[in-house]
Every structure is written in C-alpha cells, then in structure tokens.
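K.L.:
Contents of upload_34.cif (mmCIF, C-alpha atoms) are below:
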```cif
data_target
loop_
_atom_site.label_atom_id
_atom_site.label_comp_id
_atom_site.auth_asym_id
_atom_site.auth_seq_id
_atom_site.Cartn_x
_atom_site.Cartn_y
_atom_site.Cartn_z
CA MET A 1071 0.00 0.00 0.00
CA ALA A 1072 2.81 2.41 1.01
CA ASN A 1073 4.77 1.52 -2.10
CA GLY A 1074 1.75 2.29 -4.20
CA ILE A 1075 1.42 5.70 -2.58
CA LEU A 1076 5.13 6.54 -2.98
CA ALA A 1077 5.46 5.34 -6.56
CA PRO A 1078 4.07 8.50 -8.25
CA PHE A 1079 6.22 10.70 -6.00
CA LEU A 1080 9.40 8.74 -6.73
CA THR A 1081 8.63 8.63 -10.42
CA GLY A 1082 8.15 12.40 -10.46
CA ALA A 1083 11.33 13.02 -8.45
CA LEU A 1084 13.37 10.84 -10.76
CA GLY A 1085 11.88 12.58 -13.76
CA GLU A 1086 12.79 16.00 -12.33
CA TYR A 1087 16.30 14.77 -11.51
CA SER A 1088 16.75 13.54 -15.08
CA ARG A 1089 15.45 16.82 -16.46
CA GLN A 1090 17.91 18.79 -14.31
CA GLU A 1091 20.76 16.50 -15.38
CA VAL A 1092 19.97 17.15 -19.05
CA GLU A 1093 19.77 20.91 -18.37
CA ASN A 1094 23.06 20.86 -16.47
CA ASP A 1095 24.80 18.96 -19.25
CA LYS A 1096 23.65 21.70 -21.63
CA ILE A 1097 25.14 24.39 -19.36
CA ILE A 1098 28.47 22.58 -19.13
CA SER A 1099 28.52 21.91 -22.86
CA LYS A 1100 27.88 25.59 -23.53
CA ILE A 1101 30.74 26.58 -21.21
CA ILE A 1102 33.09 24.20 -23.00
CA ASP A 1103 31.94 25.44 -26.40
CA ASN A 1104 32.35 29.10 -25.40
CA VAL A 1105 35.88 28.67 -24.06
CA SER A 1106 36.88 26.39 -26.92
CA ASN A 1107 35.54 28.86 -29.45
CA LYS A 1108 37.33 31.80 -27.80
CA VAL A 1109 40.66 29.97 -27.58
CA LEU A 1110 40.64 28.00 -30.84
CA ASN A 1111 38.78 30.39 -33.11
CA GLN A 1112 39.89 33.76 -31.72
CA GLU A 1113 42.97 33.78 -29.51
CA ILE A 1114 45.02 31.05 -31.16
CA PRO A 1115 44.52 32.52 -34.66
CA GLU A 1116 45.48 35.94 -33.23
CA GLU A 1117 48.60 34.44 -31.64
CA GLN A 1118 49.42 32.61 -34.88
CA ALA A 1119 49.12 35.92 -36.72
CA ALA A 1120 51.36 37.63 -34.14
CA ILE A 1121 53.99 34.88 -34.42
CA LYS A 1122 53.78 35.09 -38.21
CA LYS A 1123 54.39 38.85 -38.03
CA ALA A 1124 57.26 38.33 -35.57
CA LEU A 1125 58.84 35.85 -37.96
CA MET A 1126 58.31 38.30 -40.82
CA TYR A 1127 60.39 40.88 -38.93
CA LYS A 1128 62.94 38.23 -38.03
CA ASN A 1129 63.23 37.23 -41.70
CA GLN A 1130 63.74 40.88 -42.68
CA TYR A 1131 66.62 41.24 -40.23
CA GLU A 1132 68.01 37.90 -41.36
CA ALA A 1133 67.96 39.08 -44.99
CA ASN A 1134 69.71 42.34 -44.06
CA TYR A 1135 72.13 41.22 -41.35
CA GLY A 1136 72.29 37.42 -41.46
CA PRO A 1137 70.72 34.56 -39.48
CA GLU A 1138 73.10 34.99 -36.54
CA VAL A 1139 71.97 38.55 -35.84
CA ALA A 1140 68.31 37.68 -36.37
CA GLY A 1141 68.63 34.69 -34.04
CA VAL A 1142 70.22 36.70 -31.24
CA LEU A 1143 67.63 39.49 -31.52
CA ASP A 1144 64.89 36.86 -31.46
CA ALA A 1145 66.33 35.34 -28.27
CA ALA A 1146 66.35 38.83 -26.73
CA GLY A 1147 62.64 39.23 -27.48
CA VAL A 1148 63.10 42.06 -29.96
CA PHE A 1149 60.37 40.73 -32.26
CA ASN A 1150 57.90 39.94 -29.51
CA ASN A 1151 55.84 43.09 -30.17
CA PRO A 1152 55.72 42.75 -33.97
CA THR A 1153 55.03 46.28 -35.16
CA ASP A 1154 57.46 48.83 -36.55
CA THR A 1155 57.24 50.85 -33.34
CA GLY A 1156 57.39 47.77 -31.12
CA VAL A 1157 60.52 46.37 -32.77
CA GLU A 1158 62.21 49.78 -32.80
CA ASN A 1159 61.49 50.33 -29.08
CA SER A 1160 62.81 46.85 -28.32
CA LEU A 1161 66.02 47.55 -30.22
CA ILE A 1162 66.50 50.84 -28.37
CA ARG A 1163 65.99 49.07 -25.03
CA PHE A 1164 68.33 46.24 -26.03
CA PHE A 1165 71.17 48.50 -27.17
CA GLY A 1166 70.47 51.21 -24.60
CA THR A 1167 70.63 53.97 -27.21
CA ASN A 1168 68.88 55.37 -30.28
CA ASP A 1169 72.20 55.34 -32.12
CA TYR A 1170 72.74 51.60 -32.33
CA ASN A 1171 74.61 50.19 -35.33
CA LEU A 1172 73.50 46.76 -36.54
CA ASP A 1173 76.46 46.39 -38.89
CA ASN A 1174 78.81 46.69 -35.92
CA PHE A 1175 76.57 44.35 -33.97
CA LYS A 1176 76.78 41.81 -36.79
CA THR A 1177 80.58 41.83 -36.47
CA LYS A 1178 80.30 41.26 -32.71
CA VAL A 1179 77.88 38.36 -33.16
CA GLU A 1180 79.88 36.62 -35.89
CA THR A 1181 83.11 36.98 -33.87
CA TYR A 1182 81.40 35.60 -30.79
CA LYS A 1183 80.04 32.65 -32.76
CA THR A 1184 83.54 31.85 -34.04
CA ASN A 1185 85.14 32.10 -30.60
CA LYS A 1186 82.36 30.48 -28.52
CA PRO A 1187 80.24 28.29 -30.79
CA ASP A 1188 78.68 26.29 -27.93
CA ASP A 1189 77.65 29.41 -26.01
CA PHE A 1190 76.32 30.94 -29.21
CA ASP A 1191 74.13 27.87 -29.73
CA LYS A 1192 72.75 28.33 -26.20
CA ILE A 1193 71.72 31.88 -27.04
CA ILE A 1194 70.12 30.88 -30.33
CA GLY A 1195 68.36 28.02 -28.57
CA ALA A 1196 66.44 30.55 -26.46
CA SER A 1197 64.45 31.70 -29.51
CA PHE A 1198 61.45 33.60 -28.18
CA THR A 1199 59.35 32.95 -31.29
CA ASP A 1200 60.03 29.23 -30.85
CA GLN A 1201 58.91 29.45 -27.22
CA ARG A 1202 55.72 31.24 -28.27
CA SER A 1203 55.06 28.64 -30.96
CA THR A 1204 55.55 25.80 -28.47
CA ALA A 1205 53.25 27.47 -25.95
CA LEU A 1206 50.64 27.96 -28.68
CA ASP A 1207 50.82 24.28 -29.69
CA ASP A 1208 50.55 23.21 -26.04
CA ARG A 1209 47.49 25.38 -25.57
CA LYS A 1210 45.85 24.06 -28.71
CA ASN A 1211 46.55 20.46 -27.70
CA PHE A 1212 45.19 21.10 -24.20
CA VAL A 1213 41.88 22.35 -25.59
CA ASN A 1214 41.62 19.65 -28.26
CA ASN A 1215 42.55 16.78 -25.93
CA GLU A 1216 41.51 17.75 -22.41
CA PHE A 1217 38.17 19.31 -23.33
CA SER A 1218 36.96 15.87 -24.37
CA ASN A 1219 38.10 14.38 -21.06
CA THR A 1220 34.80 14.59 -19.16
CA PRO A 1221 36.12 13.93 -15.61
CA ASN A 1222 38.95 16.46 -15.96
CA ILE A 1223 36.71 19.11 -17.49
CA ARG A 1224 34.10 18.73 -14.78
CA ASP A 1225 36.82 19.02 -12.16
CA LEU A 1226 37.97 22.30 -13.72
CA ILE A 1227 34.47 23.69 -14.09
CA ILE A 1228 32.70 22.64 -10.88
CA SER A 1229 33.03 25.06 -7.93
CA ASP A 1230 34.68 23.97 -4.70
CA GLU A 1231 31.41 24.50 -2.85
CA ARG A 1232 29.80 21.86 -5.05
CA LYS A 1233 32.73 19.48 -4.69
CA GLU A 1234 32.53 19.72 -0.92
CA MET A 1235 28.92 18.56 -0.80
CA THR A 1236 28.62 15.28 1.08
CA GLY A 1237 26.17 12.43 1.40
CA ALA A 1238 23.26 12.00 -0.97
CA THR A 1239 23.29 15.71 -1.85
CA GLY A 1240 26.90 15.49 -2.99
CA LEU A 1241 26.25 12.30 -4.91
CA LEU A 1242 23.30 13.80 -6.77
CA PHE A 1243 24.33 17.45 -7.20
CA GLY A 1244 28.09 17.65 -6.54
CA ASP A 1245 29.10 17.75 -10.18
CA ARG A 1246 26.69 20.41 -11.42
CA VAL A 1247 26.96 24.03 -12.52
CA ASP A 1248 24.00 26.32 -11.92
CA ARG A 1249 23.26 29.05 -14.44
CA LYS A 1250 24.34 31.68 -11.93
CA GLU A 1251 27.68 29.85 -11.53
CA ALA A 1252 28.32 29.68 -15.28
CA PRO A 1253 30.41 32.90 -15.56
CA ALA A 1254 32.82 31.85 -12.77
CA ALA A 1255 32.98 28.31 -14.17
CA THR A 1256 33.77 29.69 -17.62
CA LEU A 1257 36.60 31.80 -16.20
CA ARG A 1258 38.07 28.80 -14.36
CA LEU A 1259 38.14 26.75 -17.53
CA TYR A 1260 39.57 29.62 -19.58
CA GLU A 1261 42.39 30.30 -17.12
CA ALA A 1262 43.35 26.62 -17.24
CA THR A 1263 44.24 27.10 -20.92
CA GLN A 1264 46.74 29.91 -20.28
CA PRO A 1265 50.36 29.01 -21.21
CA ASP A 1266 53.67 30.00 -19.64
CA THR A 1267 55.65 32.27 -21.97
CA SER A 1268 58.37 33.54 -19.64
CA GLN A 1269 61.90 33.87 -21.02
CA LEU A 1270 64.65 31.63 -19.67
CA VAL A 1271 67.64 33.61 -20.93
CA SER A 1272 67.40 37.34 -20.21
CA PRO A 1273 68.24 40.01 -22.80
CA LEU A 1274 70.67 41.48 -20.28
CA ALA A 1275 72.62 38.23 -20.09
CA ILE A 1276 72.85 38.20 -23.89
CA LYS A 1277 73.97 41.82 -23.96
CA SER A 1278 76.62 41.23 -21.31
CA GLU A 1279 77.98 38.18 -23.09
CA LEU A 1280 78.18 39.95 -26.44
CA GLY A 1281 79.95 42.94 -24.95
CA ILE A 1282 77.12 45.44 -25.39
CA GLU A 1283 77.39 48.25 -22.87
CA VAL A 1284 75.06 47.95 -19.90
CA PRO A 1285 74.77 50.13 -16.77
CA LYS A 1286 77.93 49.76 -14.69
CA GLU A 1287 76.02 48.55 -11.64
CA MET A 1288 74.67 45.64 -13.69
CA GLU A 1289 77.77 44.83 -15.70
CA PRO A 1290 79.48 42.51 -13.18
CA PHE A 1291 76.26 40.68 -12.36
CA MET A 1292 74.32 38.74 -15.03
CA THR A 1293 76.88 37.85 -17.63
CA PHE A 1294 76.24 34.85 -19.80
CA ASP A 1295 78.97 33.03 -17.88
CA ARG A 1296 77.07 33.62 -14.65
CA PHE A 1297 73.86 32.43 -16.25
CA THR A 1298 75.59 29.29 -17.55
CA LYS A 1299 77.13 28.67 -14.13
CA LEU A 1300 73.78 29.04 -12.36
CA SER A 1301 72.13 26.73 -14.91
CA LYS A 1302 74.82 24.08 -14.36
CA GLN A 1303 74.35 24.36 -10.59
CA ALA A 1304 70.62 23.88 -11.05
CA TYR A 1305 71.12 20.84 -13.27
CA ASP A 1306 73.59 19.31 -10.82
CA ARG A 1307 71.22 19.94 -7.92
CA PHE A 1308 68.41 18.35 -9.88
CA ASP A 1309 70.43 15.20 -10.60
CA LYS A 1310 71.78 14.93 -7.06
CA ASP A 1311 68.87 15.96 -4.84
CA ILE A 1312 65.77 15.36 -6.96
CA LYS A 1313 66.41 12.79 -9.66
CA THR A 1314 67.83 10.09 -7.40
CA GLN A 1315 67.53 6.35 -7.77
CA SER A 1316 65.27 6.16 -4.73
CA ILE A 1317 62.59 8.36 -6.22
CA LYS A 1318 62.79 7.44 -9.88
CA ARG A 1319 60.01 4.95 -9.29
CA THR A 1320 57.77 7.78 -8.06
CA ILE A 1321 58.56 10.16 -10.89
CA ASN A 1322 55.00 9.89 -12.18
CA THR A 1323 53.53 11.42 -9.03
CA ASN A 1324 56.26 13.53 -7.45
CA LEU A 1325 57.92 15.36 -10.31
CA GLY A 1326 56.88 17.81 -12.97
CA VAL A 1327 53.92 19.94 -11.97
CA GLU A 1328 53.22 19.51 -8.29
CA LYS A 1329 49.78 18.67 -6.96
CA PRO A 1330 47.98 21.72 -5.56
CA ASP A 1331 47.76 22.29 -1.83
CA PRO A 1332 44.34 21.00 -0.66
CA LYS A 1333 44.04 24.06 1.59
CA LEU A 1334 43.66 26.18 -1.54
CA GLN A 1335 40.25 24.60 -2.10
CA LYS A 1336 38.92 26.92 0.58
CA THR A 1337 41.31 29.87 0.48
CA ASN A 1338 41.71 30.23 -3.31
CA PRO A 1339 39.52 27.77 -5.25
CA ASP A 1340 40.26 29.23 -8.67
CA LEU A 1341 44.01 28.84 -8.13
CA TYR A 1342 43.47 25.33 -6.80
CA ASN A 1343 41.51 24.30 -9.90
CA LYS A 1344 44.08 25.85 -12.21
CA GLN A 1345 46.95 24.05 -10.49
CA LYS A 1346 45.01 20.78 -10.43
CA ALA A 1347 44.32 21.02 -14.16
CA ALA A 1348 48.00 21.76 -14.85
CA HIS A 1349 49.05 18.74 -12.79
CA GLU A 1350 46.64 16.43 -14.60
CA GLU A 1351 47.77 17.73 -17.99
CA PHE A 1352 51.37 17.10 -16.98
CA MET A 1353 50.58 13.57 -15.84
CA ASN A 1354 49.34 12.68 -19.33
CA LYS A 1355 52.77 13.37 -20.85
CA PRO A 1356 55.44 10.65 -21.36
CA ALA A 1357 57.76 10.15 -18.37
CA SER A 1358 60.85 11.44 -20.20
CA GLU A 1359 59.02 14.60 -21.27
CA ARG A 1360 57.77 15.16 -17.73
CA GLU A 1361 61.31 14.91 -16.40
CA ASN A 1362 62.63 17.46 -18.93
CA ILE A 1363 59.83 19.88 -18.12
CA TYR A 1364 60.54 19.61 -14.41
CA ARG A 1365 64.28 20.03 -14.96
CA GLU A 1366 63.73 23.27 -16.86
CA GLU A 1367 61.21 24.55 -14.31
CA HIS A 1368 63.62 23.65 -11.52
CA THR A 1369 66.37 25.56 -13.32
CA LYS A 1370 64.26 28.71 -13.67
CA ASN A 1371 63.17 28.57 -10.04
CA TYR A 1372 66.71 27.90 -8.85
CA ILE A 1373 68.11 30.90 -10.74
CA SER A 1374 65.34 33.17 -9.44
CA GLN A 1375 66.01 32.01 -5.88
CA GLN A 1376 69.74 32.56 -6.24
CA ILE A 1377 69.18 36.07 -7.57
CA ALA A 1378 66.86 36.82 -4.65
CA GLU A 1379 69.55 35.64 -2.24
CA MET A 1380 72.13 37.82 -4.00
CA VAL A 1381 69.80 40.79 -3.60
CA LYS A 1382 69.63 40.12 0.16
CA ARG A 1383 73.42 39.86 0.34
CA GLY A 1384 73.86 43.10 -1.58
CA VAL A 1385 75.69 41.57 -4.55
CA PRO A 1386 76.37 44.48 -6.95
CA GLY A 1387 73.80 44.59 -9.75
CA ALA A 1388 71.49 41.91 -8.37
CA ALA A 1389 68.71 44.25 -7.22
CA ASN A 1390 68.86 46.23 -10.48
CA TYR A 1391 68.75 43.05 -12.51
CA GLN A 1392 65.78 41.73 -10.53
CA ALA A 1393 63.96 45.03 -11.02
CA ASN A 1394 64.75 44.99 -14.74
CA GLN A 1395 63.33 41.48 -15.09
CA ALA A 1396 60.14 42.57 -13.35
CA ALA A 1397 59.97 45.65 -15.57
CA GLU A 1398 60.39 43.60 -18.75
CA SER A 1399 57.50 41.39 -17.64
CA ILE A 1400 55.27 44.38 -16.83
CA ALA A 1401 56.05 46.11 -20.12
CA GLN A 1402 55.57 43.00 -22.21
CA GLY A 1403 52.25 42.25 -20.53
CA ALA A 1404 51.04 45.79 -21.20
CA LEU A 1405 52.18 45.78 -24.83
CA THR A 1406 50.53 42.41 -25.44
CA ARG A 1407 47.26 43.65 -23.90
CA ILE A 1408 47.39 46.82 -26.02
CA GLN A 1409 47.82 44.72 -29.13
CA GLU A 1410 44.82 42.57 -28.13
CA LEU A 1411 42.67 45.68 -27.64
CA GLN A 1412 43.72 47.05 -31.02
CA GLN A 1413 42.88 43.75 -32.69
CA TYR A 1414 39.52 43.65 -30.94
CA GLU A 1415 38.69 47.20 -32.08
CA LYS A 1416 39.59 46.21 -35.64
CA ALA A 1417 37.47 43.05 -35.44
CA VAL A 1418 34.45 44.97 -34.13
CA SER A 1419 34.81 47.65 -36.79
CA SER A 1420 35.02 45.10 -39.60
CA SER A 1421 32.05 43.10 -38.33
CA ARG A 1422 29.85 46.16 -37.81
CA PRO A 1423 30.00 48.53 -40.78
CA PHE A 1424 29.45 52.12 -39.73
CA ASP A 1425 25.88 52.64 -38.70
CA PRO A 1426 24.70 55.45 -36.41
CA ASP A 1427 22.55 52.94 -34.52
CA SER A 1428 25.20 50.23 -34.12
CA VAL A 1429 27.44 49.85 -31.06
CA GLN A 1430 31.05 50.63 -31.98
CA TYR A 1431 34.20 50.13 -29.91
CA ASN A 1432 37.11 52.53 -29.50
CA ALA A 1433 40.14 51.06 -27.78
CA ASP A 1434 41.82 54.38 -26.93
CA GLU A 1435 40.42 54.68 -23.41
CA ASP A 1436 41.20 51.08 -22.49
CA ILE A 1437 44.69 51.33 -24.00
CA GLU A 1438 45.44 54.47 -21.99
CA ALA A 1439 44.26 52.70 -18.82
CA VAL A 1440 46.66 49.79 -19.55
CA LYS A 1441 49.52 52.24 -20.14
CA ALA A 1442 48.71 54.19 -16.96
CA GLU A 1443 48.79 51.04 -14.83
CA ALA A 1444 52.05 49.85 -16.45
CA ARG A 1445 53.61 53.28 -15.88
CA ARG A 1446 52.55 53.18 -12.23
CA GLN A 1447 54.12 49.76 -11.71
CA LEU A 1448 57.34 50.68 -13.53
CA THR A 1449 57.65 53.96 -11.63
CA SER A 1450 57.17 52.09 -8.34
CA LEU A 1451 60.29 50.08 -9.28
CA GLY A 1452 62.20 53.33 -9.66
CA LEU A 1453 62.42 52.93 -13.44
CA ASN A 1454 61.53 55.14 -16.39
CA PRO A 1455 58.51 53.71 -18.27
CA GLU A 1456 59.80 55.22 -21.53
CA ASP A 1457 62.84 52.98 -21.33
CA TYR A 1458 60.46 50.03 -21.68
CA GLY A 1459 58.35 51.39 -24.50
CA ILE A 1460 55.48 52.54 -22.24
#
```
Rewrite the structure from the file as structure tokens, please.

P.N.:
Amino acid sequence: MANGILAPFLTGALGEYSRQEVENDKIISKIIDNVSNKVLNQEIPEEQAAIKKALMYKNQYEANYGPEVAGVLDAAGVFNNPTDTGVENSLIRFFGTNDYNLDNFKTKVETYKTNKPDDFDKIIGASFTDQRSTALDDRKNFVNNEFSNTPNIRDLIISDERKEMTGATGLLFGDRVDRKEAPAATLRLYEATQPDTSQLVSPLAIKSELGIEVPKEMEPFMTFDRFTKLSKQAYDRFDKDIKTQSIKRTINTNLGVEKPDPKLQKTNPDLYNKQKAAHEEFMNKPASERENIYREEHTKNYISQQIAEMVKRGVPGAANYQANQAAESIAQGALTRIQELQQYEKAVSSSRPFDPDSVQYNADEDIEAVKAEARRQLTSLGLNPEDYGI
C-alpha cells in the first residue's frame, strides 16, 4: 500500500532529476563550447598571426644582417611586439641607445660565434618565437585533448562549494553548474588554458655576453657566464637531490607539476583548480618529457632564488637586474594587452560597418588605462617607463 502511494512521487522526483541533469549537461557543454571557441577560433589565430608577423620581422633582419643577428635578436625578445614601433622600441631598449649600429653588432655576433660556438648555440636556442610557438601548440593540444576528457573538465568547471557537498546531496548534485555559476565556471576553464611564456635567458645576459654596454652597476652581475654557471648548478642539484635512484620509481607522481595544496580549495579555489588542471595535464605526458619539463622549471626557479639571495646579500647589480626582469615582464604584458585591444577594435569595426545605430568600440580609453597602470608599476620600481616602450 505504502509503495503504491510513494510510486508516483518517486517517479516524479526521478523525472525531475533527469530533467535537471539534461539541463546541467547543456550548461556545461555551452561553457566548454564558449571557451573552446574563444581559444581556438579567436585567440590562437590571433597568436598565430602575431607569431607570423614576428617571424616576418625576423626574416627581414636575417635578410639584411644574417641569421646569426636575427637569431640573437629573437632570443632577446626584440620581435615579440611585432610592429614597426614595437621592434624599434625593443632595439632601443636592447642596445640602450637610439644610435645603435646593426652592422657593428653583426661583427660582434659573428666573432662571438667563431670564438664560442657552444655558447652561441645556447643563445640561439632561447628563440622567443620558438617558445611562443611551443606554448601555442601546447594550448591548442590542451583544448583539443583535455576538453573531451569529461572527468577532468568537470573538475575544472565545478566550484569547490559543489565538490565539498557530502552524502546523498553530494552524490546527486556535486558535479553540477547552476546558471548563476556559469560565468565563474567559464573563467576557471579559460584560465586553465593559459600558457607560460616567460623567457629563460634574459636580454641582459645576452647583452653582457656579447659585450654590449650595460649600466655599470649591472655589468658585473648577469653575464652569460654567470647564467651558464647558475644553470649548471641547477642541473647538478636536480640530478643529485631530486632525480635520485630512490625516487625514480615515483617520478609519475612527485615530479613535474606539483599537486595543488588541498588548503587552496577553501582559500583560493580558482588557483586550486588551475593548479590541479596543470598537474593532470602534466601527468598525461610521457615520463621522459615530464622529467625534462621539471628540470627546466627547476632551473628557472633555482636561478630566481639565487638572484633573490644575491639581492639580500647586496651583490652588486642583483637588485637592479631583478627590477629589470620585473619591468620587462610588466612592459611585455602591457604591450601584449594593447595589441589585443587594437585587434579587438579592428574586429568589431570590420564586423559592424558604420551605422549610427550600431554599437562601436574605440580602444583608446582602455589602452590608456593599460599604459597608466604599467607606468605606475614601472615607476614604483624606480624605473623610467619610456625605457620600456610605455
């Protein structure tokens, strides 16, 4: 009798649950489609176009001054803002003067290559356009491969509050995204696609090694010899303290991209999800590739830590070098954002022919806001924004 009374209720509840599941799957699918469309159909083509333009400038300098000069300038990031003004500002910053002479620089580079071929190869191997191309391919592969991995995608999208649900409630509703949560879920998934494009070899190290004049307080600090020495120390430390026989068997879980701190689930859920996604992406790579990635990351971290220690000890040039690295990052981020805004303005204008009733977009105000913030940050470092093209 009781079962007969409950049957319609249970049938209705199950029907509503199924309806909500279908609706939730639609929300998640839309989030995936939106992020995938933005990354694959907008940002990656824009980055491909930027790399293509950078290579166009590199080819021009190669035609005029030879592949050695073009390769060194590429490693120094000169073509990273591929416009006439961007390349010119980068050259001025690299040489420290408006009166640079590329013919004289060509002689320096060719002499250096003859005298130190191995060190020259290390400089050329730091090609910034190659790094950007690799980062672009990694991002494209992440979207194409991971976005079809349902468990991983849900883990990136679902909020920590949902994941922390327990009991029957957690079982039934712990992997859902409400409509009101969709914007935050979309941002979490989008941020998981962002690549690392930081430079390993600094332009200052290249300048010092090639004998280009740098401020006296920096000159004795980051020479290419010092960079090579720090890199060797990092590699030795990796082989001795990290890649030991006793932990080789655990390389799949302990090396590469570390697992996120569980405490972040409450204190910074977006960061936790981003780190978790990065760890899972890393775990899908072959063991040898994971080891190489970790070795390079260890090297970068080791060098940064050593520089920070030198700053504390008052090593001449260390603080200035550290500030310059921060400034380069600030300036490059601002210039990249300005380029994105300009491209967006162009895209809007081309998609909406002039019409008094249509909504147009002018990037000037947003660009000035980006410049103002970059100037503020550079000034706070005690540096002149104009020296960094801002």

K.L.:
Determine the nearest neighbour of Arg1249 of chain A from the options A:Asp1095, A:Asp1154, A:Asp1208, A:Asp1103, counting all atoms listed in the file.

P.N.:
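When distances to Arg1249 of chain A are compared using all atoms listed in the file, the smallest one comes from A:Asp1095.
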
K.L.:
Would you mind reading off the distance between atom CA of Val1142 of chain A and atom CA of Lys1299 of chain A, one decimal, in Å?

P.N.:
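Between atom CA of Val1142 of chain A and atom CA of Lys1299 of chain A the gap works out to 20.1 Å.
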
K.L.:
Expand the PyMOL selection byres ((chain A and resi 1346-1358) around 6) into the individual residues it matches in the shown file, reporting them as a list of chain:residue names.

P.N.:
A:Val1327, A:Lys1329, A:Pro1330, A:Asn1343, A:Lys1344, A:Gln1345, A:Glu1359, A:Arg1360, A:Glu1361

K.L.:
Kindly give the distance, in Å, that separates atom CA of Glu1367 of chain A and atom CA of Leu1300 of chain A, rounded to a single decimal.

P.N.:
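Computing it gives 13.5 Å between the two atoms.
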
K.L.:
How far is it from atom CA of Asp1207 of chain A to atom CA of Lys1370 of chain A, in Å with one decimal?

P.N.:
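Pair atom CA of Asp1207 of chain A / atom CA of Lys1370 of chain A returns 21.4 Å.
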
K.L.:
Could you check the closest approach to Ala1404 of chain A for each of A:Tyr1170, A:Tyr1135, A:Tyr1305, A:Tyr1458 and tell me which residue wins, using only C-alpha atoms?

P.N.:
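Of A:Tyr1170, A:Tyr1135, A:Tyr1305, A:Tyr1458, the one nearest Ala1404 of chain A is A:Tyr1458, counting only C-alpha atoms.
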
K.L.:
Using all atoms listed in the file, which protein or nucleic acid residues come within 12 Å of Leu1161 of chain A? Drop anything in the same chain fewer than 2 positions from it, and give the result as a PyMOL selection string.

P.N.:
chain A and resi 1131+1140+1142-1144+1146-1152+1154-1159+1163-1172+1175+1273+1277+1457-1459

K.L.:
Neighbours of Ser1203 of chain A within 9 Å (all atoms listed in the file; same-chain residues fewer than 5 positions away dropped), as a PyMOL selection string?

P.N.:
chain A and resi 1117-1118+1121+1198+1208

K.L.:
Identify all residues satisfying the PyMOL selection byres ((chain A and resi 1447) around 12) in the given file; provide them as a ChimeraX atom specification.

P.N.:
/A:1393,1396-1401,1403-1404,1440-1446,1448-1455,1458,1460

K.L.:
With all atoms listed in the file as the basis for distance, which of A:Arg1202, A:Lys1176, A:Lys1192, A:Lys1122 is at the shortest distance from Asn1134 of chain A?

P.N.:
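Checking each of A:Arg1202, A:Lys1176, A:Lys1192, A:Lys1122 against Asn1134 of chain A, counting all atoms listed in the file, the winner is A:Lys1176.
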
K.L.:
Within 10 Å of Lys1302 of chain A, counting all atoms listed in the file, which residues show up once you throw out same-chain ones fewer than 6 positions away? Write them as a PDB file with C-alpha atoms, in the frame of the given file, please.

P.N.:
```
ATOM      1  CA  ARG A1296      77.070  33.620 -14.650  1.00  0.00           C
ATOM      2  CA  PHE A1308      68.410  18.350  -9.880  1.00  0.00           C
ATOM      3  CA  THR A1369      66.370  25.560 -13.320  1.00  0.00           C
TER       4      THR A1369
END
```

K.L.:
Could you spell out the hits of the PyMOL selection byres ((chain A and resi 1209) around 12) on the shown file, as a VMD selection string?

P.N.:
chain A and resid 1106 1109 to 1110 1113 to 1115 1117 to 1118 1202 to 1208 1210 to 1217 1260 to 1267 1348 1351

K.L.:
Can you work out which one of A:Val1385, A:Ala1196, A:Ile1101, A:Ile1437 has the shortest atom-to-atom distance to Val1247 of chain A, counting all atoms listed in the file?

P.N.:
A:Ile1101

K.L.:
Output segment 1381-1393 of chain A as a PDB file, in the frame of the given file, making sure N, CA and C atoms are there.

P.N.:
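The resulting file, part_27.pdb, is shown below:
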```pdb
ATOM      1  N   VAL A1381      70.367  39.482  -3.941  1.00  0.00           N
ATOM      2  CA  VAL A1381      69.800  40.790  -3.600  1.00  0.00           C
ATOM      3  C   VAL A1381      69.904  41.026  -2.101  1.00  0.00           C
ATOM      4  N   LYS A1382      69.560  40.006  -1.305  1.00  0.00           N
ATOM      5  CA  LYS A1382      69.630  40.120   0.160  1.00  0.00           C
ATOM      6  C   LYS A1382      71.061  40.361   0.629  1.00  0.00           C
ATOM      7  N   ARG A1383      72.017  39.730  -0.061  1.00  0.00           N
ATOM      8  CA  ARG A1383      73.420  39.860   0.340  1.00  0.00           C
ATOM      9  C   ARG A1383      74.061  41.143  -0.178  1.00  0.00           C
ATOM     10  N   GLY A1384      73.333  41.846  -1.033  1.00  0.00           N
ATOM     11  CA  GLY A1384      73.860  43.100  -1.580  1.00  0.00           C
ATOM     12  C   GLY A1384      74.861  42.909  -2.687  1.00  0.00           C
ATOM     13  N   VAL A1385      74.786  41.793  -3.420  1.00  0.00           N
ATOM     14  CA  VAL A1385      75.690  41.570  -4.550  1.00  0.00           C
ATOM     15  C   VAL A1385      75.478  42.688  -5.575  1.00  0.00           C
ATOM     16  N   PRO A1386      76.521  43.368  -6.008  1.00  0.00           N
ATOM     17  CA  PRO A1386      76.370  44.480  -6.950  1.00  0.00           C
ATOM     18  C   PRO A1386      75.601  44.064  -8.215  1.00  0.00           C
ATOM     19  N   GLY A1387      74.576  44.832  -8.535  1.00  0.00           N
ATOM     20  CA  GLY A1387      73.800  44.590  -9.750  1.00  0.00           C
ATOM     21  C   GLY A1387      72.630  43.668  -9.587  1.00  0.00           C
ATOM     22  N   ALA A1388      72.560  42.890  -8.514  1.00  0.00           N
ATOM     23  CA  ALA A1388      71.490  41.910  -8.370  1.00  0.00           C
ATOM     24  C   ALA A1388      70.123  42.561  -8.259  1.00  0.00           C
ATOM     25  N   ALA A1389      70.007  43.584  -7.415  1.00  0.00           N
ATOM     26  CA  ALA A1389      68.710  44.250  -7.220  1.00  0.00           C
ATOM     27  C   ALA A1389      68.263  44.929  -8.509  1.00  0.00           C
ATOM     28  N   ASN A1390      69.212  45.566  -9.215  1.00  0.00           N
ATOM     29  CA  ASN A1390      68.860  46.230 -10.480  1.00  0.00           C
ATOM     30  C   ASN A1390      68.410  45.211 -11.516  1.00  0.00           C
ATOM     31  N   TYR A1391      69.114  44.083 -11.555  1.00  0.00           N
ATOM     32  CA  TYR A1391      68.750  43.050 -12.510  1.00  0.00           C
ATOM     33  C   TYR A1391      67.354  42.504 -12.209  1.00  0.00           C
ATOM     34  N   GLN A1392      67.092  42.245 -10.930  1.00  0.00           N
ATOM     35  CA  GLN A1392      65.780  41.730 -10.530  1.00  0.00           C
ATOM     36  C   GLN A1392      64.683  42.719 -10.907  1.00  0.00           C
ATOM     37  N   ALA A1393      64.930  44.009 -10.663  1.00  0.00           N
ATOM     38  CA  ALA A1393      63.960  45.030 -11.020  1.00  0.00           C
ATOM     39  C   ALA A1393      63.751  45.097 -12.528  1.00  0.00           C
TER      40      ALA A1393
END
```
